[in-house]
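J.: My file is data-v1.txt. It has compact mmCIF, C-alpha atoms:
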# COMPACT_ATOMS: atom_id res chain seq x y z
CA MET A 1 -23.76 -27.90 -37.41
CA ALA A 2 -20.94 -30.09 -38.73
CA ILE A 3 -17.54 -30.69 -37.23
CA GLN A 4 -14.78 -29.15 -39.34
CA PHE A 5 -11.77 -31.40 -39.72
CA TRP A 6 -8.70 -29.32 -40.58
CA PHE A 7 -5.91 -31.56 -41.79
CA GLU A 8 -2.51 -31.15 -43.44
CA PHE A 9 -1.44 -34.00 -45.70
CA ALA A 10 2.15 -33.87 -44.45
CA SER A 11 1.17 -33.96 -40.77
CA SER A 12 1.89 -37.16 -38.89
CA TYR A 13 -0.87 -36.93 -36.27
CA SER A 14 -3.38 -36.10 -39.01
CA TYR A 15 -2.98 -39.74 -40.11
CA PRO A 16 -4.80 -41.40 -37.16
CA ALA A 17 -7.33 -38.55 -37.07
CA ALA A 18 -8.17 -38.96 -40.76
CA MET A 19 -8.51 -42.71 -40.40
CA ARG A 20 -10.99 -42.54 -37.54
CA ILE A 21 -12.98 -39.30 -37.79
CA GLU A 22 -15.67 -40.47 -40.21
CA ALA A 23 -16.70 -43.48 -38.16
CA ALA A 24 -16.38 -41.63 -34.85
CA ALA A 25 -18.54 -38.73 -36.04
CA ALA A 26 -21.09 -40.99 -37.76
CA ALA A 27 -21.52 -42.94 -34.52
CA ARG A 28 -22.81 -39.70 -32.99
CA GLY A 29 -24.75 -38.61 -36.07
CA ILE A 30 -22.38 -35.72 -36.77
CA ALA A 31 -21.41 -34.64 -40.29
CA VAL A 32 -17.75 -33.95 -41.10
CA GLU A 33 -16.50 -31.03 -43.22
CA TRP A 34 -13.11 -31.97 -44.66
CA LYS A 35 -10.83 -28.92 -44.71
CA ALA A 36 -7.34 -29.40 -46.14
CA PHE A 37 -4.81 -26.66 -45.47
CA LEU A 38 -1.06 -26.06 -45.59
CA LEU A 39 0.88 -25.58 -42.39
CA GLY A 40 3.96 -24.25 -44.19
CA PRO A 41 2.82 -20.59 -44.33
CA ILE A 42 1.68 -20.71 -40.68
CA PHE A 43 4.97 -22.25 -39.56
CA ARG A 44 6.94 -19.69 -41.59
CA SER A 45 5.07 -16.84 -39.91
CA GLN A 46 6.33 -18.31 -36.59
CA GLY A 47 9.88 -18.33 -37.90
CA TRP A 48 10.02 -22.07 -38.70
CA ASN A 49 11.23 -23.25 -42.09
CA ASP A 50 10.66 -26.94 -41.38
CA SER A 51 8.43 -29.17 -39.26
CA PRO A 52 8.92 -28.51 -35.53
CA PHE A 53 9.53 -32.27 -35.27
CA ASN A 54 12.67 -31.77 -37.36
CA LEU A 55 13.65 -28.44 -35.79
CA TYR A 56 13.39 -29.83 -32.25
CA PRO A 57 14.94 -33.32 -32.30
CA ALA A 58 13.78 -34.43 -28.82
CA LYS A 59 10.21 -33.54 -29.76
CA GLY A 60 10.62 -35.36 -33.08
CA ARG A 61 12.03 -38.54 -31.53
CA TYR A 62 9.12 -38.56 -29.11
CA MET A 63 6.52 -37.97 -31.80
CA TRP A 64 7.61 -40.99 -33.85
CA ARG A 65 7.57 -43.25 -30.81
CA ASP A 66 4.24 -41.85 -29.62
CA LEU A 67 2.66 -42.19 -33.06
CA SER A 68 3.88 -45.75 -33.37
CA ARG A 69 2.36 -46.68 -29.97
CA LEU A 70 -0.84 -44.87 -30.90
CA CYS A 71 -1.21 -46.69 -34.20
CA GLU A 72 -0.69 -49.99 -32.43
CA GLU A 73 -3.45 -49.07 -29.98
CA LEU A 74 -5.75 -48.10 -32.87
CA HIS A 75 -4.80 -51.17 -34.97
CA LEU A 76 -3.51 -48.92 -37.74
CA PRO A 77 -0.52 -50.07 -39.78
CA PHE A 78 2.45 -47.75 -39.37
CA VAL A 79 5.84 -47.45 -41.05
CA ARG A 80 7.98 -44.43 -40.28
CA PRO A 81 8.33 -42.57 -43.58
CA SER A 82 11.88 -42.38 -44.92
CA GLN A 83 11.23 -38.72 -45.75
CA PHE A 84 9.37 -36.26 -43.49
CA PRO A 85 7.49 -34.10 -44.10
CA ARG A 86 6.42 -34.96 -47.65
CA ASN A 87 4.97 -32.24 -49.84
CA GLY A 88 1.18 -32.42 -49.77
CA LEU A 89 0.49 -29.45 -52.03
CA LEU A 90 -1.13 -31.29 -54.95
CA ALA A 91 -3.16 -33.53 -52.65
CA ALA A 92 -4.34 -30.44 -50.74
CA ARG A 93 -5.48 -28.84 -54.00
CA VAL A 94 -7.43 -31.98 -54.86
CA ALA A 95 -9.00 -32.14 -51.41
CA CYS A 96 -9.89 -28.47 -51.49
CA ALA A 97 -11.35 -28.54 -55.01
CA PHE A 98 -13.44 -31.65 -54.34
CA ALA A 99 -14.16 -31.18 -50.63
CA ASN A 100 -17.83 -32.05 -50.95
CA GLU A 101 -17.49 -35.16 -53.11
CA PRO A 102 -18.57 -38.39 -51.44
CA TRP A 103 -15.29 -40.07 -52.49
CA LEU A 104 -13.07 -37.44 -50.86
CA PRO A 105 -12.65 -39.14 -47.44
CA ALA A 106 -11.56 -42.36 -49.17
CA PHE A 107 -8.97 -40.42 -51.19
CA VAL A 108 -7.63 -38.72 -48.05
CA ARG A 109 -7.34 -42.03 -46.22
CA ALA A 110 -5.60 -43.63 -49.22
CA PHE A 111 -3.06 -40.78 -49.21
CA TYR A 112 -2.31 -41.12 -45.48
CA ALA A 113 -1.99 -44.90 -45.75
CA ALA A 114 0.44 -44.49 -48.67
CA ASN A 115 2.57 -42.04 -46.64
CA PHE A 116 2.44 -43.51 -43.13
CA ALA A 117 1.71 -47.20 -43.69
CA ARG A 118 3.64 -47.91 -46.91
CA ASP A 119 6.30 -45.15 -47.07
CA GLU A 120 5.38 -44.14 -50.61
CA ASP A 121 6.42 -40.86 -52.19
CA VAL A 122 3.04 -39.16 -51.85
CA SER A 123 4.36 -35.91 -53.29
CA SER A 124 4.41 -37.58 -56.73
CA VAL A 125 1.56 -37.31 -59.22
CA ALA A 126 1.69 -41.07 -59.79
CA VAL A 127 0.96 -41.93 -56.15
CA ILE A 128 -1.79 -39.31 -55.92
CA ALA A 129 -3.34 -40.73 -59.10
CA ARG A 130 -3.32 -44.19 -57.51
CA CYS A 131 -4.99 -42.76 -54.38
CA LEU A 132 -7.74 -41.28 -56.57
CA GLU A 133 -8.17 -44.62 -58.33
CA SER A 134 -8.45 -46.43 -55.04
CA ALA A 135 -11.25 -43.99 -54.19
CA GLY A 136 -13.00 -45.10 -57.38
CA GLN A 137 -12.11 -42.08 -59.52
CA HIS A 138 -10.43 -41.48 -62.89
CA PRO A 139 -7.46 -39.30 -62.00
CA GLU A 140 -6.78 -37.35 -65.21
CA ALA A 141 -9.61 -34.79 -65.20
CA LEU A 142 -9.47 -34.41 -61.41
CA LEU A 143 -5.74 -33.71 -61.38
CA ALA A 144 -6.13 -31.18 -64.20
CA ALA A 145 -8.89 -29.41 -62.27
CA ALA A 146 -6.81 -29.48 -59.08
CA GLY A 147 -3.99 -27.68 -60.91
CA SER A 148 -6.23 -24.88 -62.20
CA GLU A 149 -5.99 -21.29 -61.00
CA THR A 150 -9.46 -21.57 -59.40
CA SER A 151 -8.34 -24.52 -57.36
CA LYS A 152 -5.08 -22.84 -56.31
CA ALA A 153 -7.00 -19.77 -55.18
CA LYS A 154 -9.41 -21.98 -53.23
CA LEU A 155 -6.59 -23.57 -51.25
CA ARG A 156 -5.01 -20.17 -50.55
CA ALA A 157 -8.36 -18.86 -49.29
CA GLN A 158 -8.73 -21.93 -47.09
CA GLY A 159 -5.28 -21.21 -45.65
CA GLU A 160 -6.35 -17.66 -44.82
CA GLU A 161 -9.48 -19.02 -43.14
CA ALA A 162 -7.27 -21.34 -41.07
CA GLU A 163 -5.22 -18.36 -39.87
CA ARG A 164 -8.35 -16.37 -39.02
CA LEU A 165 -9.59 -19.32 -36.97
CA GLY A 166 -6.32 -19.27 -35.02
CA LEU A 167 -5.09 -22.64 -36.27
CA PHE A 168 -1.45 -23.31 -35.53
CA GLY A 169 -1.17 -27.07 -36.01
CA ALA A 170 -2.83 -30.14 -37.44
CA PRO A 171 -5.06 -31.93 -37.11
CA SER A 172 -7.48 -29.39 -35.69
CA PHE A 173 -11.23 -29.60 -35.19
CA VAL A 174 -13.60 -26.66 -35.19
CA VAL A 175 -17.08 -26.93 -33.69
CA GLY A 176 -18.96 -23.64 -33.81
CA ARG A 177 -16.48 -21.21 -32.27
CA GLU A 178 -14.49 -23.83 -30.44
CA LEU A 179 -11.07 -24.99 -31.58
CA PHE A 180 -9.62 -28.36 -30.64
CA TRP A 181 -6.05 -29.24 -31.56
CA GLY A 182 -4.58 -32.69 -31.96
CA ASN A 183 -5.74 -36.19 -32.77
CA ASP A 184 -6.27 -36.77 -29.06
CA ARG A 185 -8.87 -33.99 -28.94
CA LEU A 186 -11.23 -35.63 -31.46
CA GLU A 187 -13.40 -37.14 -28.73
CA SER A 188 -13.60 -33.82 -26.84
CA ALA A 189 -14.61 -32.03 -30.05
CA LEU A 190 -17.35 -34.57 -30.76
CA ALA A 191 -18.57 -34.40 -27.15
CA TRP A 192 -18.65 -30.61 -27.34
CA HIS A 193 -20.69 -30.85 -30.53
CA ALA A 194 -23.13 -33.28 -28.93
CA ALA A 195 -23.56 -31.08 -25.84
CA HIS A 196 -23.98 -27.80 -27.68
CA ASP A 197 -25.83 -28.84 -30.82
CA ALA A 198 -28.42 -30.58 -28.61
CA GLY A 199 -28.90 -27.30 -26.76
CA ARG A 200 -29.71 -25.50 -29.99
CA ALA A 201 -32.10 -28.13 -31.36
CA MET B 1 8.26 -50.37 -11.12
CA ALA B 2 6.78 -46.94 -10.34
CA ILE B 3 5.53 -44.36 -12.80
CA GLN B 4 7.74 -41.28 -12.80
CA PHE B 5 5.81 -38.03 -12.87
CA TRP B 6 7.99 -35.24 -14.26
CA PHE B 7 6.41 -31.88 -13.55
CA GLU B 8 7.42 -28.23 -13.77
CA PHE B 9 5.74 -25.94 -11.25
CA ALA B 10 5.25 -23.18 -13.84
CA SER B 11 3.65 -25.48 -16.41
CA SER B 12 -0.06 -25.05 -17.03
CA TYR B 13 -0.89 -28.60 -18.12
CA SER B 14 1.07 -29.94 -15.15
CA TYR B 15 -1.78 -28.59 -13.01
CA PRO B 16 -4.48 -31.11 -14.02
CA ALA B 17 -1.89 -33.90 -14.14
CA ALA B 18 -0.69 -33.16 -10.59
CA MET B 19 -4.26 -33.04 -9.30
CA ARG B 20 -5.23 -36.42 -10.66
CA ILE B 21 -2.15 -38.65 -10.89
CA GLU B 22 -2.12 -39.97 -7.33
CA ALA B 23 -5.73 -41.22 -7.42
CA ALA B 24 -5.43 -42.50 -11.00
CA ALA B 25 -2.25 -44.45 -10.24
CA ALA B 26 -3.53 -45.75 -6.89
CA ALA B 27 -6.65 -47.09 -8.61
CA ARG B 28 -4.31 -49.38 -10.60
CA GLY B 29 -2.02 -50.12 -7.67
CA ILE B 30 0.86 -48.15 -9.20
CA ALA B 31 3.29 -46.08 -7.12
CA VAL B 32 4.19 -42.55 -8.25
CA GLU B 33 7.70 -41.06 -8.17
CA TRP B 34 7.37 -37.25 -8.04
CA LYS B 35 10.12 -35.64 -10.13
CA ALA B 36 10.20 -31.85 -10.22
CA PHE B 37 12.37 -30.23 -12.88
CA LEU B 38 12.90 -26.88 -14.58
CA LEU B 39 11.96 -26.45 -18.21
CA GLY B 40 13.86 -23.15 -18.53
CA PRO B 41 17.26 -24.70 -19.34
CA ILE B 42 15.65 -27.13 -21.83
CA PHE B 43 13.72 -24.34 -23.53
CA ARG B 44 16.85 -22.17 -23.67
CA SER B 45 18.77 -24.97 -25.39
CA GLN B 46 16.03 -24.87 -28.07
CA GLY B 47 16.48 -21.12 -28.45
CA TRP B 48 13.43 -20.10 -26.41
CA ASN B 49 13.77 -17.50 -23.65
CA ASP B 50 10.11 -17.71 -22.58
CA SER B 51 7.25 -20.20 -22.54
CA PRO B 52 6.28 -21.31 -26.07
CA PHE B 53 2.74 -20.26 -25.08
CA ASN B 54 4.01 -16.68 -24.87
CA LEU B 55 6.36 -16.91 -27.85
CA TYR B 56 3.61 -18.29 -30.13
CA PRO B 57 0.42 -16.32 -29.37
CA ALA B 58 -2.01 -18.55 -31.34
CA LYS B 59 -0.74 -21.55 -29.40
CA GLY B 60 -1.01 -19.62 -26.15
CA ARG B 61 -4.57 -18.44 -26.77
CA TYR B 62 -5.55 -22.01 -27.56
CA MET B 63 -3.83 -23.44 -24.49
CA TRP B 64 -5.73 -21.19 -22.08
CA ARG B 65 -9.07 -22.05 -23.68
CA ASP B 66 -8.22 -25.75 -23.82
CA LEU B 67 -7.07 -25.80 -20.20
CA SER B 68 -10.21 -24.01 -19.08
CA ARG B 69 -12.43 -26.57 -20.89
CA LEU B 70 -10.34 -29.40 -19.49
CA CYS B 71 -10.59 -28.16 -15.91
CA GLU B 72 -14.35 -27.86 -16.29
CA GLU B 73 -14.47 -31.46 -17.51
CA LEU B 74 -12.35 -32.59 -14.55
CA HIS B 75 -14.27 -30.44 -12.05
CA LEU B 76 -11.10 -28.54 -11.16
CA PRO B 77 -11.36 -24.86 -10.30
CA PHE B 78 -9.48 -22.68 -12.77
CA VAL B 79 -8.58 -18.99 -12.92
CA ARG B 80 -6.21 -17.83 -15.62
CA PRO B 81 -3.13 -16.52 -13.77
CA SER B 82 -2.48 -12.81 -14.23
CA GLN B 83 1.20 -13.67 -14.69
CA PHE B 84 2.52 -16.60 -16.69
CA PRO B 85 4.79 -18.40 -16.28
CA ARG B 86 5.51 -17.87 -12.57
CA ASN B 87 8.92 -18.77 -11.19
CA GLY B 88 8.81 -22.23 -9.62
CA LEU B 89 12.46 -22.45 -8.62
CA LEU B 90 12.04 -22.49 -4.83
CA ALA B 91 9.09 -24.87 -5.02
CA ALA B 92 11.11 -27.19 -7.28
CA ARG B 93 13.96 -27.21 -4.76
CA VAL B 94 11.49 -28.14 -2.00
CA ALA B 95 9.94 -30.88 -4.14
CA CYS B 96 13.33 -32.25 -5.09
CA ALA B 97 14.75 -32.18 -1.57
CA PHE B 98 11.70 -33.86 -0.06
CA ALA B 99 10.58 -36.02 -2.99
CA ASN B 100 10.03 -39.10 -0.83
CA GLU B 101 8.10 -37.46 2.00
CA PRO B 102 4.49 -38.59 2.32
CA TRP B 103 3.32 -34.95 2.45
CA LEU B 104 4.98 -33.97 -0.84
CA PRO B 105 2.00 -34.63 -3.16
CA ALA B 106 -0.23 -32.46 -0.95
CA PHE B 107 2.33 -29.65 -1.13
CA VAL B 108 2.54 -29.90 -4.92
CA ARG B 109 -1.24 -29.83 -5.27
CA ALA B 110 -1.47 -26.83 -2.91
CA PHE B 111 1.06 -24.97 -5.07
CA TYR B 112 -0.81 -25.67 -8.31
CA ALA B 113 -4.14 -24.69 -6.77
CA ALA B 114 -2.62 -21.41 -5.55
CA ASN B 115 -1.28 -20.65 -9.05
CA PHE B 116 -4.06 -21.90 -11.31
CA ALA B 117 -7.19 -21.77 -9.13
CA ARG B 118 -6.50 -18.65 -7.02
CA ASP B 119 -3.99 -16.62 -9.06
CA GLU B 120 -1.57 -16.24 -6.15
CA ASP B 121 2.05 -15.21 -6.54
CA VAL B 122 3.51 -18.65 -6.08
CA SER B 123 7.04 -17.43 -6.69
CA SER B 124 6.95 -15.79 -3.24
CA VAL B 125 8.30 -17.47 -0.11
CA ALA B 126 5.11 -16.52 1.75
CA VAL B 127 2.84 -18.46 -0.60
CA ILE B 128 5.17 -21.46 -0.66
CA ALA B 129 5.23 -21.43 3.15
CA ARG B 130 1.42 -21.48 3.17
CA CYS B 131 1.44 -24.43 0.75
CA LEU B 132 3.76 -26.30 3.12
CA GLU B 133 1.48 -25.47 6.04
CA SER B 134 -1.54 -26.72 4.15
CA ALA B 135 0.38 -29.98 3.68
CA GLY B 136 0.73 -30.17 7.48
CA GLN B 137 4.35 -29.01 7.69
CA HIS B 138 6.28 -26.30 9.53
CA PRO B 139 7.81 -24.26 6.70
CA GLU B 140 10.92 -22.73 8.32
CA ALA B 141 13.27 -25.69 8.49
CA LEU B 142 12.04 -27.09 5.17
CA LEU B 143 12.61 -23.81 3.32
CA ALA B 144 16.07 -23.49 4.83
CA ALA B 145 16.92 -27.02 3.72
CA ALA B 146 15.51 -26.35 0.24
CA GLY B 147 17.86 -23.36 -0.12
CA SER B 148 20.97 -25.35 0.80
CA GLU B 149 23.74 -26.17 -1.68
CA THR B 150 22.89 -29.88 -1.43
CA SER B 151 19.34 -29.18 -2.45
CA LYS B 152 20.35 -26.89 -5.33
CA ALA B 153 22.72 -29.57 -6.62
CA LYS B 154 19.95 -32.17 -6.37
CA LEU B 155 17.62 -30.11 -8.57
CA ARG B 156 20.39 -29.49 -11.10
CA ALA B 157 21.13 -33.22 -11.26
CA GLN B 158 17.43 -33.93 -11.73
CA GLY B 159 17.39 -31.46 -14.65
CA GLU B 160 20.31 -33.31 -16.24
CA GLU B 161 18.44 -36.59 -15.79
CA ALA B 162 15.42 -35.01 -17.54
CA GLU B 163 17.59 -34.09 -20.53
CA ARG B 164 19.11 -37.56 -20.67
CA LEU B 165 15.59 -39.02 -20.72
CA GLY B 166 14.75 -36.82 -23.71
CA LEU B 167 12.19 -34.67 -21.89
CA PHE B 168 11.19 -31.54 -23.77
CA GLY B 169 7.96 -30.51 -22.04
CA ALA B 170 5.82 -30.99 -18.97
CA PRO B 171 4.08 -32.88 -17.63
CA SER B 172 5.86 -36.03 -18.76
CA PHE B 173 5.54 -39.58 -17.52
CA VAL B 174 8.26 -42.20 -17.68
CA VAL B 175 7.46 -45.91 -17.36
CA GLY B 176 10.53 -48.09 -17.74
CA ARG B 177 12.06 -46.81 -20.99
CA GLU B 178 8.87 -45.29 -22.33
CA LEU B 179 8.23 -41.55 -22.35
CA PHE B 180 4.73 -40.07 -22.41
CA TRP B 181 4.26 -36.32 -22.80
CA GLY B 182 1.25 -34.29 -21.75
CA ASN B 183 -1.57 -34.48 -19.25
CA ASP B 184 -3.63 -36.33 -21.85
CA ARG B 185 -1.11 -39.18 -21.94
CA LEU B 186 -1.51 -40.07 -18.25
CA GLU B 187 -3.97 -42.86 -19.01
CA SER B 188 -1.74 -44.30 -21.77
CA ALA B 189 1.24 -44.24 -19.41
CA LEU B 190 -0.71 -46.06 -16.69
CA ALA B 191 -2.05 -48.59 -19.21
CA TRP B 192 1.50 -49.17 -20.49
CA HIS B 193 2.65 -49.78 -16.92
CA ALA B 194 -0.17 -52.23 -16.27
CA ALA B 195 0.54 -54.16 -19.49
CA HIS B 196 4.31 -54.34 -19.06
CA ASP B 197 4.69 -54.65 -15.31
CA ALA B 198 2.27 -57.58 -15.35
CA GLY B 199 4.49 -59.28 -17.93
CA ARG B 200 7.50 -59.05 -15.61
CA ALA B 201 5.73 -60.27 -12.49
When written as structure tokens, how does the structure in this file appear?

T.:
Amino acid sequence: MAIQFWFEFASSYSYPAAMRIEAAAAARGIAVEWKAFLLGPIFRSQGWNDSPFNLYPAKGRYMWRDLSRLCEELHLPFVRPSQFPRNGLLAARVACAFANEPWLPAFVRAFYAANFARDEDVSSVAVIARCLESAGQHPEALLAAAGSETSKAKLRAQGEEAERLGLFGAPSFVVGRELFWGNDRLESALAWHAAHDAGRA
Amino acid sequence: MAIQFWFEFASSYSYPAAMRIEAAAAARGIAVEWKAFLLGPIFRSQGWNDSPFNLYPAKGRYMWRDLSRLCEELHLPFVRPSQFPRNGLLAARVACAFANEPWLPAFVRAFYAANFARDEDVSSVAVIARCLESAGQHPEALLAAAGSETSKAKLRAQGEEAERLGLFGAPSFVVGRELFWGNDRLESALAWHAAHDAGRA
């Protein structure tokens, strides 16, 4: 049993989660399934046409301060992006099409660092190409494949799976039938895995 | 410098926070200021006429499961209340009027246990009276004082202070100028206090 890591490229708290999940899971011998999805359709079905951090200013002000403290604690560089949220559609198609590639986690981390540590326009093809290069890949063929109808359908299906699982925010972790929401639930999710996978072994 | 504990009697995650803050703060030699407030007016100013856990069912389903897991982890009894949220107005007036009394934390804990461990109708005067008794007090005079105009004005002023501080949910912790939101930020708030109070000493 793996831990499923459901992340949204635009999501602020997905940044620290993406940066630390691989090492944290590996330390417990747990495999990670990387599941990109889009929050937009889920938010729209709740009547939101923007991030709740923009719709509810007090919540937004708090989030930026909290995230900044958190990154300091985790020794992660952090620069508040000049635009939020940034469109993660193309990146999500890449991550969904190549979910099982060994370079995928490095690509995801490169994307988050570009967005939340260097304030780069990660919605642009150029920045995504650079993220692929930094993960050791040649971008052209991968970006073409990510734009294919197959890949688009794959991301849509993953979004439907997210709704069936009851996801309403990101990052989320799924272990068996248990859902954990938020970067600060990563440790609980891993502990749950350890307790319940051991029982089945 | 004390840590301010902002709690709302109806709030589900305020339950574990209320049960553990006194011991957790005392272990670090930190005093706690108990600040009851009402979330209703804050939620209404965001366009919500109910708890977000009722307005957004996926979020609500998750919260109950998460809270149940959390209580198990903390060895706190938990029964999902048959009504949620329950009106905490009278209890908040008591807590606000007698915030500095040594018995106040025991009263607050008795209230939360009645609501979230025994599914009692904590909006009723009878249950609140029992909570006062379990904190070693005679309820009559205290309840009369809590219903006075002075006490009502005190709670309203505390609500205005909460808005000025940028509070948007409960529980929240305030340390100096720093806001921490959520039961799972209690440790961060205490660590912040330890780091920054030491610097001033």

J.: Taking into account all atoms listed in the file, which residue in the set B:Ala26, B:Leu167, B:Leu104, B:Leu190 is nearest to Trp6 of chain B?

T.: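 Once distances to Trp6 of chain B are computed over all atoms listed in the file, the minimum belongs to B:Leu167.
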
J.: Under the rule of at most 8 Å, produce a per-residue listing of chain A near chain B: chain, number, name, the closest pair of atoms, and the distance in Å, as a Markdown table, using all atoms listed in the file.

T.:
| residue | atom | partner | partner_atom | distance |
| --- | --- | --- | --- | --- |
| A:Gln46 | CA | B:Tyr56 | CA | 7.0 |
| A:Tyr56 | CA | B:Gln46 | CA | 7.0 |
| A:Ala58 | CA | B:Gly166 | CA | 5.7 |
| A:Lys59 | CA | B:Phe168 | CA | 6.4 |
| A:Tyr62 | CA | B:Leu179 | CA | 7.4 |
| A:Asp66 | CA | B:Phe180 | CA | 7.4 |
| A:Gly166 | CA | B:Ala58 | CA | 5.7 |
| A:Leu167 | CA | B:Ala58 | CA | 7.1 |
| A:Phe168 | CA | B:Ala58 | CA | 6.4 |
| A:Leu179 | CA | B:Tyr62 | CA | 7.5 |
| A:Phe180 | CA | B:Asp66 | CA | 7.4 |
| A:Asp184 | CA | B:Asp184 | CA | 7.7 |

J.: Give me, as an NGL selection string, all polymer residues having an atom no more than 6 Å from segment 30-34 of chain B, counting all atoms listed in the file and skipping those fewer than 3 positions away in the same chain.

T.: :B and (2-5 or 25-26)

J.: Could you dump the residues just selected with C-alpha atoms as a tab-separated table (two decimals), in the coordinates of the input?

T.:
chain	number	residue	atom	x	y	z
B	2	ALA	CA	6.78	-46.94	-10.34
B	3	ILE	CA	5.53	-44.36	-12.80
B	4	GLN	CA	7.74	-41.28	-12.80
B	5	PHE	CA	5.81	-38.03	-12.87
B	25	ALA	CA	-2.25	-44.45	-10.24
B	26	ALA	CA	-3.53	-45.75	-6.89

J.: Enter the distance from atom CA of Ala110 of chain B to atom CA of Ser134 of chain B, in Å, rounded to one decimal.

T.: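 Between these atoms lies a distance of 7.1 Å.
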
J.: Tyr112 of chain A: which residues within 9 Å, counting all atoms listed in the file, same-chain residues fewer than 6 positions away excluded, as a ChimeraX atom specification?

T.: /A:9-10,12,14-16,18-19,122

J.: Could you list, as a list in words, every residue within 12 Å of Asp121 of chain A, counting all atoms listed in the file and ignoring same-chain residues fewer than 4 positions away?

T.: Ala10, Pro81, Ser82, Gln83, Phe84, Pro85, Arg86, Asn87, Gly88, Phe111, Tyr112, Ala113, Ala114, Asn115, Phe116, Ala117, Val125, Ala126, Val127, Ile128, Ala129, Arg130 and Cys131 of chain A

J.: Could you write out as lines of an AutoDock Vina configuration file the box around segment 110-126 of chain A (axis-aligned, all atoms listed in the file, 6 Å on each side), with centre and edge lengths in Å to one decimal?

T.:
center_x = 0.4
center_y = -41.9
center_z = -51.5
size_x = 24.0
size_y = 24.0
size_z = 28.7

J.: When you look at Ala17 of chain A with a cut-off of 10 Å (counting all atoms listed in the file), what residues show up, excluding the ones that are within fewer than 3 positions of it in the same chain? I need them as a PDB file with C-alpha atoms, in the coordinates of the input.

T.:
ATOM      1  CA  PHE A   5     -11.770 -31.400 -39.720  1.00  0.00           C
ATOM      2  CA  TRP A   6      -8.700 -29.320 -40.580  1.00  0.00           C
ATOM      3  CA  PHE A   7      -5.910 -31.560 -41.790  1.00  0.00           C
ATOM      4  CA  SER A  12       1.890 -37.160 -38.890  1.00  0.00           C
ATOM      5  CA  TYR A  13      -0.870 -36.930 -36.270  1.00  0.00           C
ATOM      6  CA  SER A  14      -3.380 -36.100 -39.010  1.00  0.00           C
ATOM      7  CA  ARG A  20     -10.990 -42.540 -37.540  1.00  0.00           C
ATOM      8  CA  ILE A  21     -12.980 -39.300 -37.790  1.00  0.00           C
ATOM      9  CA  GLU A  22     -15.670 -40.470 -40.210  1.00  0.00           C
ATOM     10  CA  ALA A  24     -16.380 -41.630 -34.850  1.00  0.00           C
ATOM     11  CA  ARG A 109      -7.340 -42.030 -46.220  1.00  0.00           C
ATOM     12  CA  ALA A 170      -2.830 -30.140 -37.440  1.00  0.00           C
ATOM     13  CA  PRO A 171      -5.060 -31.930 -37.110  1.00  0.00           C
ATOM     14  CA  SER A 172      -7.480 -29.390 -35.690  1.00  0.00           C
ATOM     15  CA  PHE A 173     -11.230 -29.600 -35.190  1.00  0.00           C
ATOM     16  CA  GLY A 182      -4.580 -32.690 -31.960  1.00  0.00           C
ATOM     17  CA  ASN A 183      -5.740 -36.190 -32.770  1.00  0.00           C
ATOM     18  CA  ASP A 184      -6.270 -36.770 -29.060  1.00  0.00           C
ATOM     19  CA  ARG A 185      -8.870 -33.990 -28.940  1.00  0.00           C
ATOM     20  CA  LEU A 186     -11.230 -35.630 -31.460  1.00  0.00           C
TER      21      LEU A 186
END
